[in-house]
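Peer 1: Here you go, this is structure.cif (mmCIF, C-alpha atoms).
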data_coords
#
loop_
_atom_site.label_atom_id
_atom_site.label_comp_id
_atom_site.auth_asym_id
_atom_site.auth_seq_id
_atom_site.Cartn_x
_atom_site.Cartn_y
_atom_site.Cartn_z
CA MET A 1 13.64 44.54 98.23
CA SER A 2 10.79 42.27 97.24
CA THR A 3 11.42 39.06 95.37
CA PRO A 4 11.47 39.78 91.64
CA ALA A 5 8.42 38.33 89.92
CA SER A 6 8.84 35.51 87.44
CA GLN A 7 6.82 34.74 84.37
CA TYR A 8 4.80 31.58 84.03
CA ARG A 9 3.08 30.42 80.90
CA PHE A 10 -0.20 28.50 80.89
CA ALA A 11 -2.86 27.20 78.57
CA VAL A 12 -6.50 27.13 79.60
CA ASN A 13 -8.59 24.53 77.77
CA VAL A 14 -12.33 25.21 77.86
CA THR A 15 -14.87 22.60 76.74
CA PRO A 16 -18.67 22.33 76.89
CA LYS A 17 -19.82 20.40 79.95
CA PRO A 18 -20.86 16.79 79.39
CA GLY A 19 -24.57 16.66 78.57
CA ILE A 20 -24.66 20.19 77.14
CA LEU A 21 -25.62 20.12 73.49
CA ASP A 22 -22.63 21.23 71.42
CA PRO A 23 -23.99 22.10 67.98
CA GLN A 24 -20.50 22.93 66.68
CA GLY A 25 -19.22 19.50 67.66
CA ARG A 26 -22.26 17.91 66.08
CA ALA A 27 -21.71 19.82 62.84
CA VAL A 28 -18.07 18.74 62.70
CA GLU A 29 -19.03 15.15 63.38
CA LYS A 30 -21.69 15.13 60.69
CA SER A 31 -19.30 16.56 58.10
CA LEU A 32 -16.57 13.96 58.61
CA PRO A 33 -18.08 11.44 56.16
CA HIS A 34 -17.52 14.07 53.44
CA LEU A 35 -13.81 13.63 54.11
CA GLY A 36 -14.20 9.88 53.85
CA ILE A 37 -13.71 9.54 57.60
CA ARG A 38 -16.00 7.21 59.52
CA GLY A 39 -16.20 5.96 63.07
CA VAL A 40 -15.47 9.29 64.78
CA THR A 41 -17.94 10.23 67.52
CA GLY A 42 -18.09 12.39 70.62
CA VAL A 43 -16.73 15.52 68.95
CA ARG A 44 -16.80 18.48 71.35
CA VAL A 45 -15.55 21.87 70.26
CA GLY A 46 -13.94 24.10 72.88
CA ARG A 47 -11.44 26.92 73.12
CA ARG A 48 -7.79 27.15 74.12
CA VAL A 49 -6.32 30.31 75.60
CA GLU A 50 -2.57 30.66 76.19
CA LEU A 51 -1.24 33.33 78.52
CA THR A 52 1.75 34.47 80.58
CA VAL A 53 1.38 35.42 84.24
CA GLU A 54 3.86 37.45 86.22
CA ALA A 55 3.88 36.32 89.83
CA ALA A 56 6.15 35.66 92.80
CA ASP A 57 5.98 31.89 92.43
CA ALA A 58 4.25 29.13 90.50
CA ALA A 59 1.45 28.71 93.03
CA ALA A 60 0.56 32.40 92.94
CA ALA A 61 0.61 32.35 89.14
CA ARG A 62 -1.64 29.32 89.11
CA ALA A 63 -4.11 31.01 91.44
CA VAL A 64 -4.39 33.94 89.05
CA VAL A 65 -5.03 31.62 86.10
CA ASP A 66 -7.66 29.63 88.01
CA LYS A 67 -9.49 32.83 88.88
CA LEU A 68 -9.57 34.28 85.39
CA ALA A 69 -10.35 30.89 83.84
CA GLY A 70 -13.32 30.43 86.17
CA GLU A 71 -14.65 33.97 85.95
CA MET A 72 -14.00 35.03 82.38
CA LEU A 73 -12.65 32.34 80.07
CA SER A 74 -15.35 29.84 81.02
CA ASN A 75 -18.93 30.00 82.24
CA PRO A 76 -19.36 27.38 84.99
CA LEU A 77 -23.01 26.87 83.99
CA MET A 78 -22.07 25.43 80.64
CA GLU A 79 -18.32 24.87 80.44
CA LEU A 80 -15.42 23.09 82.14
CA PHE A 81 -11.84 24.30 82.07
CA VAL A 82 -8.48 22.60 82.57
CA VAL A 83 -5.32 24.61 83.23
CA GLU A 84 -2.13 23.32 81.72
CA ALA A 85 1.32 24.61 82.75
CA LEU A 86 3.21 25.06 79.50
CA ASP A 87 6.69 25.13 80.99
CA PRO A 88 6.75 22.78 83.97
CA ALA A 89 10.55 23.09 84.28
CA GLY A 90 10.34 26.66 85.48
CA PRO A 91 9.65 30.23 84.47
CA ALA A 92 9.46 30.98 80.78
CA ALA A 93 12.38 32.78 79.19
CA MET B 1 -41.40 65.38 84.15
CA SER B 2 -40.85 62.29 82.16
CA VAL B 3 -39.09 59.22 83.51
CA ARG B 4 -35.40 59.03 82.58
CA ILE B 5 -34.05 55.60 81.63
CA GLY B 6 -30.35 54.87 81.14
CA ILE B 7 -29.31 53.02 78.00
CA VAL B 8 -26.02 51.21 78.51
CA LEU B 9 -23.76 51.53 75.50
CA PHE B 10 -20.89 49.09 74.97
CA PRO B 11 -18.47 49.25 72.04
CA GLY B 12 -20.04 47.11 69.33
CA TYR B 13 -23.64 47.95 70.15
CA ASN B 14 -26.07 48.68 67.32
CA ARG B 15 -29.54 48.77 68.89
CA ASP B 16 -29.05 51.78 71.11
CA ILE B 17 -30.84 54.19 68.76
CA ASP B 18 -33.80 51.79 68.53
CA ALA B 19 -33.86 51.74 72.33
CA VAL B 20 -33.84 55.55 72.49
CA ASN B 21 -36.72 55.64 70.03
CA ALA B 22 -38.70 53.00 71.93
CA LEU B 23 -38.35 54.90 75.19
CA GLN B 24 -39.49 58.11 73.49
CA VAL B 25 -42.50 56.32 71.99
CA ALA B 26 -43.26 55.05 75.50
CA GLY B 27 -43.11 58.61 76.83
CA ALA B 28 -39.76 58.38 78.62
CA GLU B 29 -36.47 60.15 78.22
CA ALA B 30 -33.29 58.26 77.30
CA GLN B 31 -29.90 58.86 78.84
CA ILE B 32 -26.94 57.13 77.17
CA LEU B 33 -24.51 55.57 79.66
CA TRP B 34 -21.08 54.77 78.20
CA HIS B 35 -19.40 51.52 79.21
CA GLU B 36 -16.67 53.42 81.08
CA ASP B 37 -19.15 55.44 83.13
CA THR B 38 -19.12 54.67 86.83
CA ASP B 39 -22.08 56.92 87.59
CA LEU B 40 -25.61 56.26 86.35
CA ALA B 41 -26.53 59.96 86.26
CA GLY B 42 -29.52 59.46 88.51
CA VAL B 43 -31.61 57.47 86.05
CA ALA B 44 -34.77 55.72 87.25
CA GLY B 45 -34.26 52.52 85.28
CA ILE B 46 -31.74 50.73 83.06
CA LEU B 47 -32.16 49.29 79.58
CA ILE B 48 -29.25 47.28 78.18
CA PRO B 49 -29.96 47.00 74.47
CA GLY B 50 -28.56 44.72 71.79
CA GLY B 51 -25.54 44.48 69.58
CA PHE B 52 -22.18 42.77 69.87
CA ALA B 53 -20.49 44.12 73.00
CA TYR B 54 -16.72 43.86 72.62
CA GLY B 55 -17.26 41.77 69.50
CA ASP B 56 -18.83 38.95 71.55
CA TYR B 57 -15.28 37.70 72.11
CA ILE B 58 -14.89 34.63 74.37
CA ARG B 59 -18.68 34.42 74.95
CA ALA B 60 -21.40 36.94 74.25
CA GLY B 61 -21.62 39.36 77.16
CA VAL B 62 -18.70 38.19 79.27
CA ILE B 63 -16.25 41.02 78.63
CA ALA B 64 -19.02 43.60 79.01
CA ARG B 65 -19.81 42.08 82.37
CA PHE B 66 -16.50 43.35 83.76
CA SER B 67 -16.86 46.91 82.45
CA PRO B 68 -17.07 49.83 84.94
CA VAL B 69 -20.68 50.64 84.08
CA MET B 70 -21.78 47.11 84.97
CA ARG B 71 -20.52 47.55 88.52
CA ALA B 72 -22.81 50.56 88.79
CA VAL B 73 -25.68 48.62 87.19
CA ALA B 74 -25.19 45.73 89.65
CA ASP B 75 -25.32 48.22 92.56
CA PHE B 76 -28.45 49.79 91.07
CA ALA B 77 -30.05 46.35 90.77
CA ALA B 78 -29.05 45.46 94.34
CA ARG B 79 -30.87 48.59 95.53
CA GLY B 80 -34.02 47.39 93.77
CA GLY B 81 -33.92 49.51 90.63
CA PRO B 82 -35.46 48.04 87.46
CA VAL B 83 -33.04 46.65 84.86
CA LEU B 84 -34.07 45.13 81.52
CA GLY B 85 -31.61 43.45 79.16
CA ILE B 86 -32.58 42.82 75.56
CA CYS B 87 -30.70 40.30 73.36
CA ASN B 88 -27.01 41.06 74.00
CA GLY B 89 -28.17 42.90 77.11
CA PHE B 90 -29.75 39.64 78.32
CA GLN B 91 -26.47 37.83 77.62
CA VAL B 92 -24.58 40.45 79.65
CA LEU B 93 -27.01 40.11 82.59
CA ALA B 94 -26.77 36.31 82.46
CA GLU B 95 -22.96 36.39 82.39
CA ALA B 96 -23.01 38.82 85.31
CA GLY B 97 -25.24 36.43 87.28
CA LEU B 98 -27.93 39.11 87.59
CA VAL B 99 -30.46 36.81 85.94
CA PRO B 100 -30.34 33.00 86.07
CA GLY B 101 -29.16 30.71 83.29
CA ALA B 102 -26.91 30.98 80.26
CA LEU B 103 -27.33 31.62 76.54
CA LEU B 104 -25.67 28.98 74.37
CA ARG B 105 -25.01 29.01 70.66
CA ASN B 106 -28.21 28.52 68.67
CA ARG B 107 -29.05 24.87 68.21
CA GLY B 108 -29.12 25.29 64.42
CA LEU B 109 -25.69 27.04 64.56
CA ARG B 110 -26.95 29.87 62.36
CA PHE B 111 -27.47 33.47 63.31
CA VAL B 112 -31.26 33.78 63.30
CA CYS B 113 -32.93 37.01 62.23
CA LYS B 114 -36.70 36.76 61.92
CA GLU B 115 -40.02 37.55 63.55
CA VAL B 116 -41.12 35.28 66.37
CA ALA B 117 -44.19 34.92 68.55
CA LEU B 118 -43.53 35.63 72.20
CA LEU B 119 -45.95 34.44 74.85
CA PRO B 120 -45.96 36.47 78.07
CA GLU B 121 -46.37 34.07 80.95
CA HIS B 122 -47.20 36.47 83.77
CA LEU B 123 -48.69 39.94 83.52
CA ASP B 124 -48.11 40.81 87.17
CA THR B 125 -44.41 41.65 86.89
CA PRO B 126 -42.46 44.92 86.51
CA PHE B 127 -41.65 44.04 82.89
CA THR B 128 -45.03 42.76 81.68
CA ARG B 129 -47.58 44.85 83.63
CA GLU B 130 -48.46 47.07 80.64
CA ILE B 131 -48.99 44.17 78.23
CA ALA B 132 -52.66 44.05 77.23
CA GLY B 133 -53.21 40.30 77.57
CA ARG B 134 -51.69 36.84 77.42
CA ARG B 135 -51.70 36.57 73.64
CA PRO B 136 -48.60 35.95 71.51
CA LEU B 137 -46.64 39.11 70.71
CA ARG B 138 -44.92 39.51 67.33
CA MET B 139 -41.39 40.87 67.38
CA PRO B 140 -38.01 40.09 65.83
CA VAL B 141 -35.09 38.06 67.10
CA ALA B 142 -31.56 38.59 65.79
CA HIS B 143 -28.89 36.53 67.52
CA GLY B 144 -26.41 33.68 67.22
CA GLU B 145 -26.24 32.74 70.88
CA GLY B 146 -29.76 32.70 72.25
CA CYS B 147 -30.36 29.12 73.30
CA TYR B 148 -31.52 29.44 76.90
CA TYR B 149 -29.93 26.88 79.18
CA ALA B 150 -30.05 26.01 82.86
CA ASP B 151 -29.98 22.58 84.48
CA ASP B 152 -33.29 20.81 85.10
CA ALA B 153 -33.39 21.58 88.82
CA THR B 154 -32.88 25.29 88.13
CA LEU B 155 -35.52 25.27 85.39
CA ASP B 156 -38.00 23.59 87.74
CA ALA B 157 -37.24 26.15 90.45
CA LEU B 158 -37.61 29.06 88.03
CA GLU B 159 -40.96 27.79 86.82
CA ALA B 160 -42.19 27.16 90.36
CA ASP B 161 -41.13 30.70 91.29
CA GLY B 162 -42.85 32.27 88.27
CA ALA B 163 -39.50 33.56 87.04
CA VAL B 164 -40.04 32.58 83.40
CA LEU B 165 -41.60 35.71 81.92
CA TRP B 166 -41.72 34.92 78.21
CA ARG B 167 -41.67 31.78 76.03
CA TYR B 168 -41.53 31.28 72.29
CA ALA B 169 -44.84 30.18 70.80
CA ASN B 170 -45.81 28.11 67.79
CA ASP B 171 -48.35 29.35 65.25
CA ASP B 172 -51.15 27.61 67.15
CA GLY B 173 -50.23 29.52 70.32
CA SER B 174 -48.65 26.56 72.11
CA VAL B 175 -45.25 26.86 73.80
CA ALA B 176 -42.46 26.09 71.33
CA GLY B 177 -40.18 23.34 72.68
CA PRO B 178 -36.50 23.15 71.66
CA ASP B 179 -37.20 21.41 68.35
CA ASP B 180 -40.46 23.18 67.43
CA ALA B 181 -40.75 25.57 64.49
CA GLY B 182 -41.65 28.49 66.75
CA ASN B 183 -38.43 28.15 68.74
CA PRO B 184 -35.65 30.03 66.91
CA ASN B 185 -32.65 28.75 68.85
CA GLY B 186 -33.38 25.53 70.77
CA SER B 187 -34.06 27.26 74.10
CA LEU B 188 -35.00 24.74 76.78
CA ARG B 189 -38.72 24.69 77.60
CA GLY B 190 -39.16 27.47 75.04
CA ILE B 191 -37.78 30.06 77.43
CA ALA B 192 -37.22 33.46 75.79
CA GLY B 193 -36.83 35.58 78.92
CA VAL B 194 -36.52 35.33 82.69
CA ARG B 195 -36.33 37.53 85.76
CA ASN B 196 -34.19 37.38 88.88
CA ALA B 197 -35.51 36.18 92.24
CA VAL B 198 -36.30 39.66 93.56
CA GLY B 199 -38.13 40.48 90.35
CA ASN B 200 -36.46 43.79 89.44
CA VAL B 201 -34.03 42.45 86.79
CA ALA B 202 -35.15 40.68 83.63
CA GLY B 203 -33.75 39.74 80.25
CA LEU B 204 -35.12 38.43 76.98
CA MET B 205 -33.66 37.55 73.58
CA PRO B 206 -36.38 39.01 71.27
CA HIS B 207 -36.43 42.73 70.51
CA PRO B 208 -39.47 44.57 71.90
CA GLU B 209 -37.67 47.89 71.29
CA THR B 210 -37.84 47.39 67.53
CA ALA B 211 -41.53 46.56 67.63
CA VAL B 212 -43.05 49.72 69.08
CA GLU B 213 -44.77 51.31 66.09
CA ALA B 214 -47.12 49.84 63.50
CA ILE B 215 -45.16 51.60 60.76
CA ILE B 216 -42.12 49.42 61.47
CA GLY B 217 -44.09 46.18 61.36
CA SER B 218 -45.34 45.59 64.88
CA GLU B 219 -46.16 47.49 68.04
CA ASP B 220 -46.41 44.37 70.17
CA GLY B 221 -43.18 45.22 72.00
CA LEU B 222 -44.45 48.51 73.35
CA GLY B 223 -46.13 46.88 76.37
CA ILE B 224 -42.76 45.60 77.58
CA VAL B 225 -41.02 48.96 77.09
CA ARG B 226 -43.93 50.75 78.78
CA SER B 227 -43.77 48.30 81.69
CA LEU B 228 -40.12 49.23 82.26
CA VAL B 229 -41.00 52.93 82.13
CA VAL B 230 -43.89 52.58 84.60
CA SER B 231 -41.76 50.48 86.98
CA ALA B 232 -38.89 52.96 86.76
CA GLY B 233 -41.22 55.86 87.52
CA GLU B 234 -42.61 53.95 90.48
CA TRP B 235 -39.15 53.11 91.76
CA SER B 236 -37.89 56.68 91.51
CA THR B 237 -40.87 58.10 93.40
CA THR B 238 -41.57 55.40 96.00
CA GLY B 239 -38.29 53.44 96.19
CA ARG B 240 -40.18 50.21 95.48
CA ILE B 241 -41.65 48.43 92.51
CA LYS B 242 -44.94 46.61 92.71
CA TYR B 243 -44.63 42.86 92.08
CA THR B 244 -41.08 42.65 93.49
CA ARG B 245 -39.85 41.03 96.66
CA PRO B 246 -37.73 42.91 99.17
CA ALA B 247 -34.09 42.74 98.04
CA GLY B 248 -32.34 39.72 99.50
CA ALA B 249 -35.40 37.49 99.26
CA GLY B 250 -33.74 35.52 96.48
CA ALA B 251 -32.03 32.96 98.66
CA ALA B 252 -35.31 32.08 100.34
CA ALA B 253 -36.87 31.34 96.98
CA GLY B 254 -34.08 28.89 96.24
CA VAL B 255 -33.35 30.49 92.92
CA SER B 256 -29.84 31.43 91.87
CA ALA B 257 -27.79 31.68 88.74
#
Would you mind writing the file out in structure tokens?
Peer 2:
Amino acid sequence: MSTPASQYRFAVNVTPKPGILDPQGRAVEKSLPHLGIRGVTGVRVGRRVELTVEAADAAAARAVVDKLAGEMLSNPLMELFVVEALDPAGPAA
Amino acid sequence: MSVRIGIVLFPGYNRDIDAVNALQVAGAEAQILWHEDTDLAGVAGILIPGGFAYGDYIRAGVIARFSPVMRAVADFAARGGPVLGICNGFQVLAEAGLVPGALLRNRGLRFVCKEVALLPEHLDTPFTREIAGRRPLRMPVAHGEGCYYADDATLDALEADGAVLWRYANDDGSVAGPDDAGNPNGSLRGIAGVRNAVGNVAGLMPHPETAVEAIIGSEDGLGIVRSLVVSAGEWSTTGRIKYTRPAGAGAAAGVSA
């Protein structure tokens, strides 16, 4: 009998690389004065993807997330990604 | 017998019929290849047309990149067969790493649909050989993510290698830099289309396939479509395309995605 797989939940946060023009971030930044908000700079708009991975252990689950984050959820030429474990205490219910 | 070119069709595409028409105008036969196909049906060349593959979810082209047909296209390209990606097809090829660089959201944030002037940079390539001369070509663009990007070192290497095939031009014929009126999307160094290191895969954002007959506004795109057809015919009969390097020469040229 193999070890039953557990489920692990992650978030992948994708942002434009530093130095890459982010026209969405610029548009947000420029519109803030219309809300009466001033002094906000460095707005960068990215994407957050949450997902559940079934794997034997946390390390194996993490490896799957790293692979799909690097190959599909982000493009290494223009984006960076950070993986966040959503339930560090253990497998999700 | 006429040359048969495969047109890759992803869910969400809308330029496939224009591509069929363009190939017919250029004297070739079109063979539709569905995204789930794993076999290219013996075609002599590949045209990936435009549209919104898989809704452009995540990033334009990325989900299409992992479809079964793209594995077959990558094999075809690795064997030296000619592959041209137009608009979304260019985005798919870039995401797949088959041509260098990436296409970012347009600098002006808007989806841009208008006629542009496209300056062919080299006429001795598989995708420009039938273009009559180095004068600006009029054809439409229609995209939201067409801002060509690569880091400076890559751009320098591409230029040194002659891998930039087309640039956007201003009205006076000069190259349109990122902030110039002739540049629809902020593409760095005005780059509208590039080829891979071997020379048998190329992509561009403008639409030559919808500019092949005077009755639809311009026939300036026909030279590009004809170039693909001639190169495909050459590849299917001789196994080689003029103006390309032997496969695997890419690393030596120092050019990668």
Peer 1: Check what the PyMOL selection byres ((chain B) within 8 of (chain A)) selects in the file above and give those residues as a PyMOL selection string.
Peer 2: chain B and resi 58+62-63+95+101-102+105-109+150
Peer 1: With the PyMOL selection byres ((chain B and resi 46) around 9) as the selection, what would be picked from this file? Answer as JSON, numbers by chain, please.
Peer 2: {"B": [5, 6, 7, 8, 40, 43, 44, 45, 47, 48, 73, 76, 81, 82, 83, 84, 85, 228, 232]}
Peer 1: Neighbouring residues of Asn196 of chain B were defined as those with any atom within 7 Å, considering only C-alpha atoms; residues of the same chain fewer than 5 positions away were excluded. Please report them as a PDB file with C-alpha atoms, in the frame of the given file.
Peer 2:
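File written: part_29.pdb
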ATOM      1  CA  LEU B  98     -27.930  39.110  87.590  1.00  0.00           C
ATOM      2  CA  VAL B  99     -30.460  36.810  85.940  1.00  0.00           C
ATOM      3  CA  PRO B 100     -30.340  33.000  86.070  1.00  0.00           C
ATOM      4  CA  ALA B 163     -39.500  33.560  87.040  1.00  0.00           C
ATOM      5  CA  VAL B 201     -34.030  42.450  86.790  1.00  0.00           C
ATOM      6  CA  ALA B 202     -35.150  40.680  83.630  1.00  0.00           C
TER       7      ALA B 202
END
Peer 1: Neighbouring residues of segment 110-117 of chain B were defined as those with any atom within 7 Å, considering all atoms listed in the file; residues of the same chain fewer than 3 positions away were excluded. Please report them as a list of chain:residue names.
Peer 2: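 Once the nearby chain positions are removed, what remains is B:Asn106, B:Pro136, B:Leu137, B:Arg138, B:Met139, B:Pro140, B:Val141, B:Ala142, B:His143, B:Gly144, B:Tyr168, B:Ala169, B:Gly182, B:Pro184.
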Peer 1: Using only the atoms of segment 201-206 of chain B listed in the file, plus 6 Å on each side, state the axis-aligned box centre and edge lengths in Å rounded to one decimal, as AutoDock Vina command-line options.
Peer 2:
--center_x -35.0 --center_y 40.0 --center_z 79.0 --size_x 14.7 --size_y 16.9 --size_z 27.5
Peer 1: Which residues, written as a list in words, have at least one atom at most 12 Å from Gly39 of chain A, with only C-alpha atoms counted and residues fewer than 5 positions away on the same chain left out?
Peer 2: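 Near neighbours after the sequence-gap exclusion: Glu29, Lys30, Leu32 and Pro33 of chain A.
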Peer 1: Return as a PDB file with C-alpha atoms, keeping the file's coordinate frame the set of residues that the PyMOL selection byres ((chain A and resi 65) around 12) yields on the displayed structure.
Peer 2:
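Writing done, so here's result04.pdb:
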ATOM      1  CA  TYR A   8       4.800  31.580  84.030  1.00  0.00           C
ATOM      2  CA  ARG A   9       3.080  30.420  80.900  1.00  0.00           C
ATOM      3  CA  PHE A  10      -0.200  28.500  80.890  1.00  0.00           C
ATOM      4  CA  ALA A  11      -2.860  27.200  78.570  1.00  0.00           C
ATOM      5  CA  VAL A  12      -6.500  27.130  79.600  1.00  0.00           C
ATOM      6  CA  ASN A  13      -8.590  24.530  77.770  1.00  0.00           C
ATOM      7  CA  VAL A  49      -6.320  30.310  75.600  1.00  0.00           C
ATOM      8  CA  GLU A  50      -2.570  30.660  76.190  1.00  0.00           C
ATOM      9  CA  LEU A  51      -1.240  33.330  78.520  1.00  0.00           C
ATOM     10  CA  THR A  52       1.750  34.470  80.580  1.00  0.00           C
ATOM     11  CA  VAL A  53       1.380  35.420  84.240  1.00  0.00           C
ATOM     12  CA  GLU A  54       3.860  37.450  86.220  1.00  0.00           C
ATOM     13  CA  ALA A  55       3.880  36.320  89.830  1.00  0.00           C
ATOM     14  CA  ALA A  58       4.250  29.130  90.500  1.00  0.00           C
ATOM     15  CA  ALA A  59       1.450  28.710  93.030  1.00  0.00           C
ATOM     16  CA  ALA A  60       0.560  32.400  92.940  1.00  0.00           C
ATOM     17  CA  ALA A  61       0.610  32.350  89.140  1.00  0.00           C
ATOM     18  CA  ARG A  62      -1.640  29.320  89.110  1.00  0.00           C
ATOM     19  CA  ALA A  63      -4.110  31.010  91.440  1.00  0.00           C
ATOM     20  CA  VAL A  64      -4.390  33.940  89.050  1.00  0.00           C
ATOM     21  CA  ASP A  66      -7.660  29.630  88.010  1.00  0.00           C
ATOM     22  CA  LYS A  67      -9.490  32.830  88.880  1.00  0.00           C
ATOM     23  CA  LEU A  68      -9.570  34.280  85.390  1.00  0.00           C
ATOM     24  CA  ALA A  69     -10.350  30.890  83.840  1.00  0.00           C
ATOM     25  CA  GLY A  70     -13.320  30.430  86.170  1.00  0.00           C
ATOM     26  CA  GLU A  71     -14.650  33.970  85.950  1.00  0.00           C
ATOM     27  CA  MET A  72     -14.000  35.030  82.380  1.00  0.00           C
ATOM     28  CA  LEU A  73     -12.650  32.340  80.070  1.00  0.00           C
ATOM     29  CA  SER A  74     -15.350  29.840  81.020  1.00  0.00           C
ATOM     30  CA  PHE A  81     -11.840  24.300  82.070  1.00  0.00           C
ATOM     31  CA  VAL A  82      -8.480  22.600  82.570  1.00  0.00           C
ATOM     32  CA  VAL A  83      -5.320  24.610  83.230  1.00  0.00           C
ATOM     33  CA  GLU A  84      -2.130  23.320  81.720  1.00  0.00           C
ATOM     34  CA  ALA A  85       1.320  24.610  82.750  1.00  0.00           C
TER      35      ALA A  85
END
Peer 1: Please, what distance in Å, to one decimal, runs between atom CA of Leu33 of chain B and atom CA of Phe10 of chain B?
Peer 2: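 Atom CA of Leu33 of chain B sits 8.8 Å away from atom CA of Phe10 of chain B.
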